[in-house]
>>> print(open('structure-v1.txt').read())   # compact mmCIF, C-alpha atoms (C1' of nucleotides)
# COMPACT_ATOMS: atom_id res chain seq x y z
CA MET P 1 57.02 117.89 48.15
CA SER P 2 54.28 116.25 46.14
CA THR P 3 56.45 113.16 45.63
CA SER P 4 56.87 112.93 49.36
CA LYS P 5 53.11 112.97 49.99
CA LYS P 6 52.51 110.46 47.23
CA VAL P 7 55.12 108.09 48.61
CA GLN P 8 53.87 108.43 52.16
CA LEU P 9 50.21 107.95 51.30
CA GLU P 10 51.03 104.88 49.23
CA HIS P 11 53.24 103.59 52.03
CA ILE P 12 50.45 104.00 54.59
CA TYR P 13 48.03 102.15 52.34
CA GLN P 14 50.42 99.22 51.91
CA LEU P 15 51.09 99.14 55.62
CA LEU P 16 47.42 99.11 56.56
CA TYR P 17 46.51 96.60 53.88
CA LEU P 18 49.19 94.20 55.10
CA ARG P 19 48.07 94.68 58.68
CA PHE P 20 44.29 94.42 58.25
CA GLY P 21 43.68 92.92 54.81
CA LYS P 22 40.53 93.43 52.70
CA ARG P 23 37.79 95.11 54.71
CA LYS P 24 34.82 94.08 52.50
CA TRP P 25 33.09 97.49 52.61
CA TRP P 26 30.34 98.61 52.29
CA PRO P 27 28.37 95.88 54.08
CA ALA P 28 25.11 96.10 52.11
CA ASP P 29 23.04 93.96 49.74
CA SER P 30 22.31 96.73 47.23
CA PRO P 31 23.34 100.27 46.25
CA PHE P 32 20.09 101.55 47.73
CA GLU P 33 20.95 99.94 51.04
CA VAL P 34 24.26 101.86 50.92
CA VAL P 35 22.34 105.10 50.42
CA VAL P 36 20.10 104.37 53.40
CA GLY P 37 23.06 103.32 55.54
CA ALA P 38 25.00 106.44 54.59
CA VAL P 39 22.25 108.64 56.03
CA LEU P 40 21.62 106.49 59.09
CA THR P 41 25.28 106.20 60.10
CA GLN P 42 25.69 109.95 60.61
CA ASN P 43 27.32 110.32 64.04
CA THR P 44 26.16 106.84 64.94
CA ALA P 45 27.85 103.51 65.67
CA TRP P 46 27.39 101.08 62.78
CA ILE P 47 25.96 98.38 65.05
CA ASN P 48 22.92 100.59 65.64
CA VAL P 49 22.58 101.32 61.94
CA GLU P 50 22.41 97.58 61.31
CA LYS P 51 19.48 97.30 63.68
CA ALA P 52 17.63 100.10 61.92
CA ILE P 53 18.28 98.54 58.50
CA ALA P 54 17.15 95.15 59.80
CA ASN P 55 13.89 96.78 60.93
CA LEU P 56 13.37 98.27 57.47
CA LYS P 57 14.05 94.92 55.81
CA HIS P 58 11.75 93.08 58.18
CA ALA P 59 8.97 95.55 57.40
CA ASP P 60 9.75 95.10 53.67
CA MET P 61 10.44 98.82 53.40
CA LEU P 62 13.98 98.85 52.06
CA SER P 63 13.22 100.08 48.56
CA PRO P 64 12.78 103.56 47.06
CA ASP P 65 9.15 102.96 46.10
CA LYS P 66 8.15 101.57 49.48
CA LEU P 67 9.81 104.38 51.42
CA TYR P 68 8.45 106.97 49.02
CA SER P 69 4.89 106.05 49.90
CA GLN P 70 5.44 106.02 53.66
CA PRO P 71 4.79 108.86 56.10
CA VAL P 72 7.88 110.14 57.87
CA SER P 73 6.51 108.96 61.20
CA ASN P 74 6.53 105.32 60.08
CA ILE P 75 10.10 105.58 58.85
CA ALA P 76 11.14 107.26 62.11
CA ARG P 77 9.65 104.42 64.13
CA LEU P 78 11.58 101.79 62.18
CA ILE P 79 14.94 103.53 62.25
CA LYS P 80 14.78 104.42 65.94
CA PRO P 81 17.84 102.36 67.01
CA SER P 82 20.12 104.51 64.83
CA GLY P 83 19.42 107.63 66.90
CA PHE P 84 18.39 111.13 65.70
CA TYR P 85 15.47 109.26 64.19
CA ASN P 86 13.09 112.17 63.56
CA GLN P 87 15.76 114.12 61.73
CA LYS P 88 17.08 111.13 59.81
CA ALA P 89 13.58 110.01 58.79
CA LYS P 90 12.98 113.42 57.19
CA HIS P 91 16.36 113.37 55.46
CA LEU P 92 15.89 109.80 54.24
CA LYS P 93 12.52 110.77 52.84
CA LEU P 94 14.03 113.76 51.03
CA MET P 95 16.74 111.51 49.57
CA VAL P 96 14.13 109.00 48.38
CA ASP P 97 11.95 111.79 46.92
CA TYR P 98 14.97 112.97 44.94
CA LEU P 99 15.77 109.45 43.74
CA VAL P 100 12.21 108.67 42.68
CA LYS P 101 11.50 112.01 41.02
CA ASN P 102 14.80 112.28 39.12
CA TYR P 103 15.74 108.67 38.44
CA LYS P 104 12.49 106.72 38.88
CA GLY P 105 13.95 105.23 42.05
CA ASN P 106 16.75 103.60 40.06
CA THR P 107 20.17 103.93 41.69
CA ASP P 108 21.91 102.67 38.52
CA ALA P 109 20.40 105.56 36.58
CA MET P 110 21.51 107.99 39.28
CA CYS P 111 25.04 106.61 39.22
CA LYS P 112 25.33 107.14 35.45
CA LYS P 113 25.47 110.88 36.10
CA GLU P 114 28.90 112.48 35.94
CA THR P 115 30.62 112.47 39.34
CA LYS P 116 30.95 116.19 40.01
CA ALA P 117 27.41 116.94 38.85
CA LEU P 118 25.99 114.10 40.92
CA ARG P 119 27.96 115.23 43.97
CA ASP P 120 26.48 118.72 43.66
CA GLU P 121 22.99 117.27 43.32
CA LEU P 122 23.41 115.11 46.41
CA LEU P 123 24.82 118.03 48.43
CA SER P 124 21.77 120.10 47.57
CA ILE P 125 19.57 117.61 49.43
CA LYS P 126 19.02 118.64 53.04
CA GLY P 127 20.69 116.12 55.32
CA ILE P 128 23.33 115.08 52.79
CA GLY P 129 26.72 116.61 53.60
CA ASN P 130 30.21 115.97 52.26
CA GLU P 131 30.85 112.61 53.85
CA THR P 132 27.39 111.22 53.14
CA ALA P 133 27.52 112.36 49.49
CA ASP P 134 30.99 110.91 48.99
CA SER P 135 30.04 107.63 50.68
CA ILE P 136 27.17 107.29 48.22
CA LEU P 137 29.40 108.15 45.26
CA LEU P 138 32.10 105.67 46.26
CA TYR P 139 30.24 102.82 47.92
CA ALA P 140 26.94 102.86 46.02
CA CYS P 141 28.17 104.10 42.62
CA ASN P 142 31.79 102.85 42.62
CA LYS P 143 33.01 106.29 41.61
CA PRO P 144 36.67 107.05 42.44
CA ILE P 145 36.25 109.64 45.18
CA PHE P 146 37.95 109.65 48.57
CA VAL P 147 35.69 109.61 51.65
CA VAL P 148 36.94 111.66 54.60
CA ASP P 149 35.50 111.06 58.04
CA SER P 150 36.31 112.00 61.62
CA TYR P 151 38.57 108.96 61.93
CA THR P 152 40.57 110.07 58.90
CA CYS P 153 41.04 113.52 60.43
CA ARG P 154 41.99 112.06 63.80
CA VAL P 155 44.54 109.62 62.41
CA LEU P 156 46.13 112.10 59.99
CA HIS P 157 46.24 114.84 62.59
CA ARG P 158 47.64 112.66 65.35
CA HIS P 159 50.46 111.54 63.10
CA GLY P 160 51.24 115.01 61.86
CA PHE P 161 50.10 114.61 58.25
CA ILE P 162 47.67 117.54 58.42
CA ASN P 163 47.58 120.75 60.44
CA ASP P 164 44.90 122.05 62.83
CA TYR P 165 43.11 123.98 60.14
CA ALA P 166 42.63 121.30 57.50
CA GLN P 167 39.05 121.16 56.23
CA TYR P 168 37.14 118.33 54.55
CA ASP P 169 38.03 119.45 51.04
CA ASP P 170 41.72 119.93 51.94
CA ILE P 171 41.99 116.39 53.27
CA GLN P 172 40.10 114.94 50.33
CA GLN P 173 42.43 116.79 47.95
CA LEU P 174 45.46 115.44 49.79
CA PHE P 175 44.43 111.92 48.79
CA MET P 176 42.95 112.74 45.38
CA ASP P 177 45.96 114.79 44.26
CA ASN P 178 48.50 112.19 45.28
CA LEU P 179 46.93 108.82 44.49
CA GLN P 180 45.56 107.06 41.44
CA HIS P 181 41.81 107.62 41.09
CA ASP P 182 40.94 103.99 41.70
CA ALA P 183 37.54 103.28 43.26
CA VAL P 184 38.59 99.86 44.56
CA MET P 185 41.67 101.31 46.27
CA PHE P 186 39.77 104.34 47.67
CA ASN P 187 37.17 101.94 48.99
CA GLU P 188 39.79 99.89 50.81
CA TYR P 189 41.79 102.88 51.97
CA HIS P 190 38.91 104.54 53.77
CA ALA P 191 37.81 101.28 55.36
CA LEU P 192 41.38 100.56 56.47
CA ILE P 193 41.69 103.97 58.14
CA VAL P 194 38.47 103.31 60.05
CA GLU P 195 39.82 99.94 61.15
CA LEU P 196 43.11 101.49 62.21
CA ALA P 197 41.39 104.22 64.23
CA LYS P 198 39.08 101.74 65.94
CA ASN P 199 42.03 99.61 66.96
CA TYR P 200 44.65 102.21 67.78
CA CYS P 201 43.22 105.70 68.19
CA ARG P 202 40.80 105.34 71.08
CA THR P 203 43.29 105.66 73.95
CA LYS P 204 46.82 106.97 74.30
CA PRO P 205 48.53 103.65 75.18
CA LEU P 206 46.92 102.05 72.14
CA CYS P 207 47.88 105.02 69.98
CA GLU P 208 51.55 104.50 70.82
CA GLN P 209 51.40 101.02 69.31
CA CYS P 210 49.87 102.35 66.11
CA PRO P 211 51.45 100.86 62.96
CA LEU P 212 51.84 104.40 61.61
CA SER P 213 53.87 105.71 64.53
CA GLU P 214 57.15 104.65 62.96
CA LEU P 215 56.53 106.59 59.74
CA PRO P 216 58.33 109.85 59.07
CA ARG P 217 56.12 112.88 59.72
CA TYR P 218 55.65 116.27 58.20
CA ILE P 219 53.29 119.17 58.69
CA ASP P 220 52.08 121.46 55.93
C1' DG E 1 27.14 107.97 84.83
C1' DA E 2 30.08 110.03 81.46
C1' DC E 3 31.51 109.53 76.98
C1' DC E 4 31.50 108.23 72.23
C1' DA E 5 29.64 106.61 67.69
C1' DG E 6 31.55 105.69 59.95
C1' DG E 7 27.45 114.10 60.58
C1' DC E 8 24.59 117.76 59.38
C1' DA E 9 21.96 122.12 59.55
C1' DC E 10 21.29 126.24 61.54
C1' DA E 11 22.10 130.32 64.65
C1' DT E 12 25.23 133.42 66.15
C1' DC E 13 29.32 136.08 66.50
C1' DG A 1 34.56 131.76 58.31
C1' DA A 2 34.68 129.88 62.65
C1' DT A 3 32.42 128.13 66.54
C1' DG A 4 28.49 126.29 69.32
C1' DT A 5 24.32 123.65 69.67
C1' DG A 6 20.39 120.37 68.85
C1' DC A 7 19.36 116.03 67.27
C1' DA A 8 18.88 110.71 70.48
C1' DT A 9 19.78 105.76 70.91
C1' DG A 10 22.82 102.17 72.65
C1' DG A 11 27.39 100.23 73.98
C1' DT A 12 31.61 100.60 76.91
>>> encode(input="structure-v1.txt", output="structure tokens")
Amino acid sequence: MSTSKKVQLEHIYQLLYLRFGKRKWWPADSPFEVVVGAVLTQNTAWINVEKAIANLKHADMLSPDKLYSQPVSNIARLIKPSGFYNQKAKHLKLMVDYLVKNYKGNTDAMCKKETKALRDELLSIKGIGNETADSILLYACNKPIFVVDSYTCRVLHRHGFINDYAQYDDIQQLFMDNLQHDAVMFNEYHALIVELAKNYCRTKPLCEQCPLSELPRYID
DNA sequence: GACCAGGCACATC
DNA sequence: GATGTGCATGGT
């Protein structure tokens, strides 16, 4: 059973890598920019996150110290294109407060913390949920943790790899239990699934041409 | 004009 | 513990 999952998950990765190649994620100039992007991208198209980040850069606000000293209202104004801006401005501020107070605003210092402990810390911040925390761990800190998102659920479910009741932790365990804990590979794998879903999981006709459709299926 | 986008917190049952 | 709802802009 576990061999089967391992083989299939490795097979999918090879297939997607051959089809789409390196995805060059996360598109950011610094770990802190990843942190900001991870909050802003919540239920939001990346194109709109880019606009919000561009606004922050243009205002010279894309640093922990600068954001720390700003009122929430100013941050909200700048990140408006990413949607949910009042909520996200508060959450971003809480994240920055945490970073400044615990690590002097230094993401490298934050990333030195042991993975599980850091994950728990991040999850205790209001506005940081599973996916956001794991995105920060993987894409800002290069820690080997698998990021699950709605695309991952959609793709796995549509192809019969998970059942209706699979939760975030179940899906994350599926990957973590059956693959090498390799940050570079986890980075690529998640990005490849997103690319696959964007290309093949939006409509039914597209879905039928999905590169995964020929794979054997199983349901837990 | 409806629907979705690289979620999360909170209320309610 | 599961499900529903608010948050909000911008592209298709």
>>> interface_residues(input="structure-v1.txt", of="chain P", to="chain A", cutoff="8 Å", atoms="only C-alpha atoms (C1' of nucleotides)", output="PyMOL selection string")
chain P and resi 48+80-85+87
>>> atom_distance(input="structure-v1.txt", atom1="atom CA of P:Ile136", atom2="atom CA of P:Val100")
16.0 Å
>>> atom_distance(input="structure-v1.txt", atom1="atom CA of P:Pro64", atom2="atom CA of P:Gly105")
5.4 Å
>>> closest_atom_pairs(input="structure-v1.txt", of="chain P", to="chain E", cutoff="9 Å", atoms="all atoms listed in the file", output="JSON lines")
{"residue": "P:Ala38", "atom": "CA", "partner": "E:DG6", "partner_atom": "C1'", "distance": 8.5}
{"residue": "P:Val39", "atom": "CA", "partner": "E:DG7", "partner_atom": "C1'", "distance": 8.8}
{"residue": "P:Thr41", "atom": "CA", "partner": "E:DG6", "partner_atom": "C1'", "distance": 6.3}
{"residue": "P:Gln42", "atom": "CA", "partner": "E:DG7", "partner_atom": "C1'", "distance": 4.5}
{"residue": "P:Asn43", "atom": "CA", "partner": "E:DG7", "partner_atom": "C1'", "distance": 5.1}
{"residue": "P:Thr44", "atom": "CA", "partner": "E:DA5", "partner_atom": "C1'", "distance": 4.4}
{"residue": "P:Ala45", "atom": "CA", "partner": "E:DA5", "partner_atom": "C1'", "distance": 4.1}
{"residue": "P:Trp46", "atom": "CA", "partner": "E:DG6", "partner_atom": "C1'", "distance": 6.8}
{"residue": "P:Lys126", "atom": "CA", "partner": "E:DA9", "partner_atom": "C1'", "distance": 7.9}
{"residue": "P:Gly127", "atom": "CA", "partner": "E:DC8", "partner_atom": "C1'", "distance": 5.9}
{"residue": "P:Ile128", "atom": "CA", "partner": "E:DC8", "partner_atom": "C1'", "distance": 7.2}
{"residue": "P:Gly129", "atom": "CA", "partner": "E:DC8", "partner_atom": "C1'", "distance": 6.3}
{"residue": "P:Asn130", "atom": "CA", "partner": "E:DG7", "partner_atom": "C1'", "distance": 9.0}
{"residue": "P:Glu131", "atom": "CA", "partner": "E:DG7", "partner_atom": "C1'", "distance": 7.7}
{"residue": "P:Thr132", "atom": "CA", "partner": "E:DG7", "partner_atom": "C1'", "distance": 8.0}
{"residue": "P:Asp149", "atom": "CA", "partner": "E:DG6", "partner_atom": "C1'", "distance": 6.9}
{"residue": "P:Ser150", "atom": "CA", "partner": "E:DG6", "partner_atom": "C1'", "distance": 8.1}
{"residue": "P:Tyr151", "atom": "CA", "partner": "E:DG6", "partner_atom": "C1'", "distance": 8.0}
{"residue": "P:Ala191", "atom": "CA", "partner": "E:DG6", "partner_atom": "C1'", "distance": 8.9}
{"residue": "P:Val194", "atom": "CA", "partner": "E:DG6", "partner_atom": "C1'", "distance": 7.3}
>>> atom_distance(input="structure-v1.txt", atom1="atom CA of P:Ala140", atom2="atom CA of P:Ala28")
9.3 Å
>>> decode(input="structure-v1.txt", residues="stretch 54-80 of chain P", atoms="N, CA and C atoms", output="short mmCIF file (atom, residue, chain, number, x, y, z; two decimals), in the first residue's frame")
data_model
loop_
_atom_site.label_atom_id
_atom_site.label_comp_id
_atom_site.auth_asym_id
_atom_site.auth_seq_id
_atom_site.Cartn_x
_atom_site.Cartn_y
_atom_site.Cartn_z
N ALA P 54 3.91 45.61 -5.55
CA ALA P 54 4.53 46.72 -6.29
C ALA P 54 4.23 48.05 -5.60
N ASN P 55 3.02 48.20 -5.10
CA ASN P 55 2.67 49.43 -4.36
C ASN P 55 3.53 49.58 -3.12
N LEU P 56 3.73 48.49 -2.39
CA LEU P 56 4.55 48.53 -1.18
C LEU P 56 5.99 48.89 -1.52
N LYS P 57 6.50 48.29 -2.59
CA LYS P 57 7.88 48.59 -3.01
C LYS P 57 8.02 50.06 -3.40
N HIS P 58 7.06 50.52 -4.18
CA HIS P 58 7.10 51.90 -4.67
C HIS P 58 7.06 52.89 -3.52
N ALA P 59 6.34 52.54 -2.47
CA ALA P 59 6.26 53.41 -1.29
C ALA P 59 7.42 53.15 -0.33
N ASP P 60 8.36 52.29 -0.75
CA ASP P 60 9.50 51.90 0.08
C ASP P 60 9.07 51.35 1.45
N MET P 61 8.06 50.50 1.40
CA MET P 61 7.49 49.98 2.65
C MET P 61 7.71 48.48 2.82
N LEU P 62 8.42 47.87 1.88
CA LEU P 62 8.52 46.41 1.93
C LEU P 62 9.69 45.95 2.80
N SER P 63 9.62 46.31 4.08
CA SER P 63 10.59 45.80 5.04
C SER P 63 9.91 45.73 6.39
N PRO P 64 10.35 44.82 7.27
CA PRO P 64 9.71 44.67 8.58
C PRO P 64 9.68 45.99 9.36
N ASP P 65 10.80 46.69 9.39
CA ASP P 65 10.85 47.93 10.17
C ASP P 65 9.90 49.00 9.66
N LYS P 66 9.87 49.14 8.34
CA LYS P 66 8.99 50.16 7.74
C LYS P 66 7.52 49.84 8.03
N LEU P 67 7.15 48.59 7.82
CA LEU P 67 5.74 48.21 8.05
C LEU P 67 5.38 48.29 9.53
N TYR P 68 6.36 47.97 10.36
CA TYR P 68 6.13 47.98 11.81
C TYR P 68 5.70 49.36 12.29
N SER P 69 6.26 50.38 11.67
CA SER P 69 5.99 51.75 12.14
C SER P 69 4.77 52.38 11.46
N GLN P 70 4.13 51.64 10.57
CA GLN P 70 3.00 52.21 9.84
C GLN P 70 1.66 51.88 10.49
N PRO P 71 0.71 52.82 10.43
CA PRO P 71 -0.66 52.48 10.86
C PRO P 71 -1.29 51.52 9.87
N VAL P 72 -2.18 50.69 10.38
CA VAL P 72 -2.86 49.70 9.55
C VAL P 72 -3.53 50.34 8.33
N SER P 73 -4.07 51.52 8.54
CA SER P 73 -4.81 52.18 7.45
C SER P 73 -3.91 52.46 6.25
N ASN P 74 -2.66 52.83 6.50
CA ASN P 74 -1.73 53.08 5.39
C ASN P 74 -1.42 51.80 4.64
N ILE P 75 -1.21 50.73 5.39
CA ILE P 75 -0.92 49.44 4.77
C ILE P 75 -2.12 49.00 3.93
N ALA P 76 -3.32 49.16 4.49
CA ALA P 76 -4.55 48.76 3.79
C ALA P 76 -4.66 49.49 2.45
N ARG P 77 -4.35 50.78 2.46
CA ARG P 77 -4.46 51.57 1.24
C ARG P 77 -3.53 51.03 0.15
N LEU P 78 -2.31 50.66 0.56
CA LEU P 78 -1.32 50.19 -0.42
C LEU P 78 -1.63 48.80 -0.97
N ILE P 79 -2.21 47.95 -0.14
CA ILE P 79 -2.44 46.57 -0.59
C ILE P 79 -3.84 46.38 -1.18
N LYS P 80 -4.54 47.43 -1.41
CA LYS P 80 -5.93 47.37 -1.88
C LYS P 80 -6.16 46.40 -3.06
#
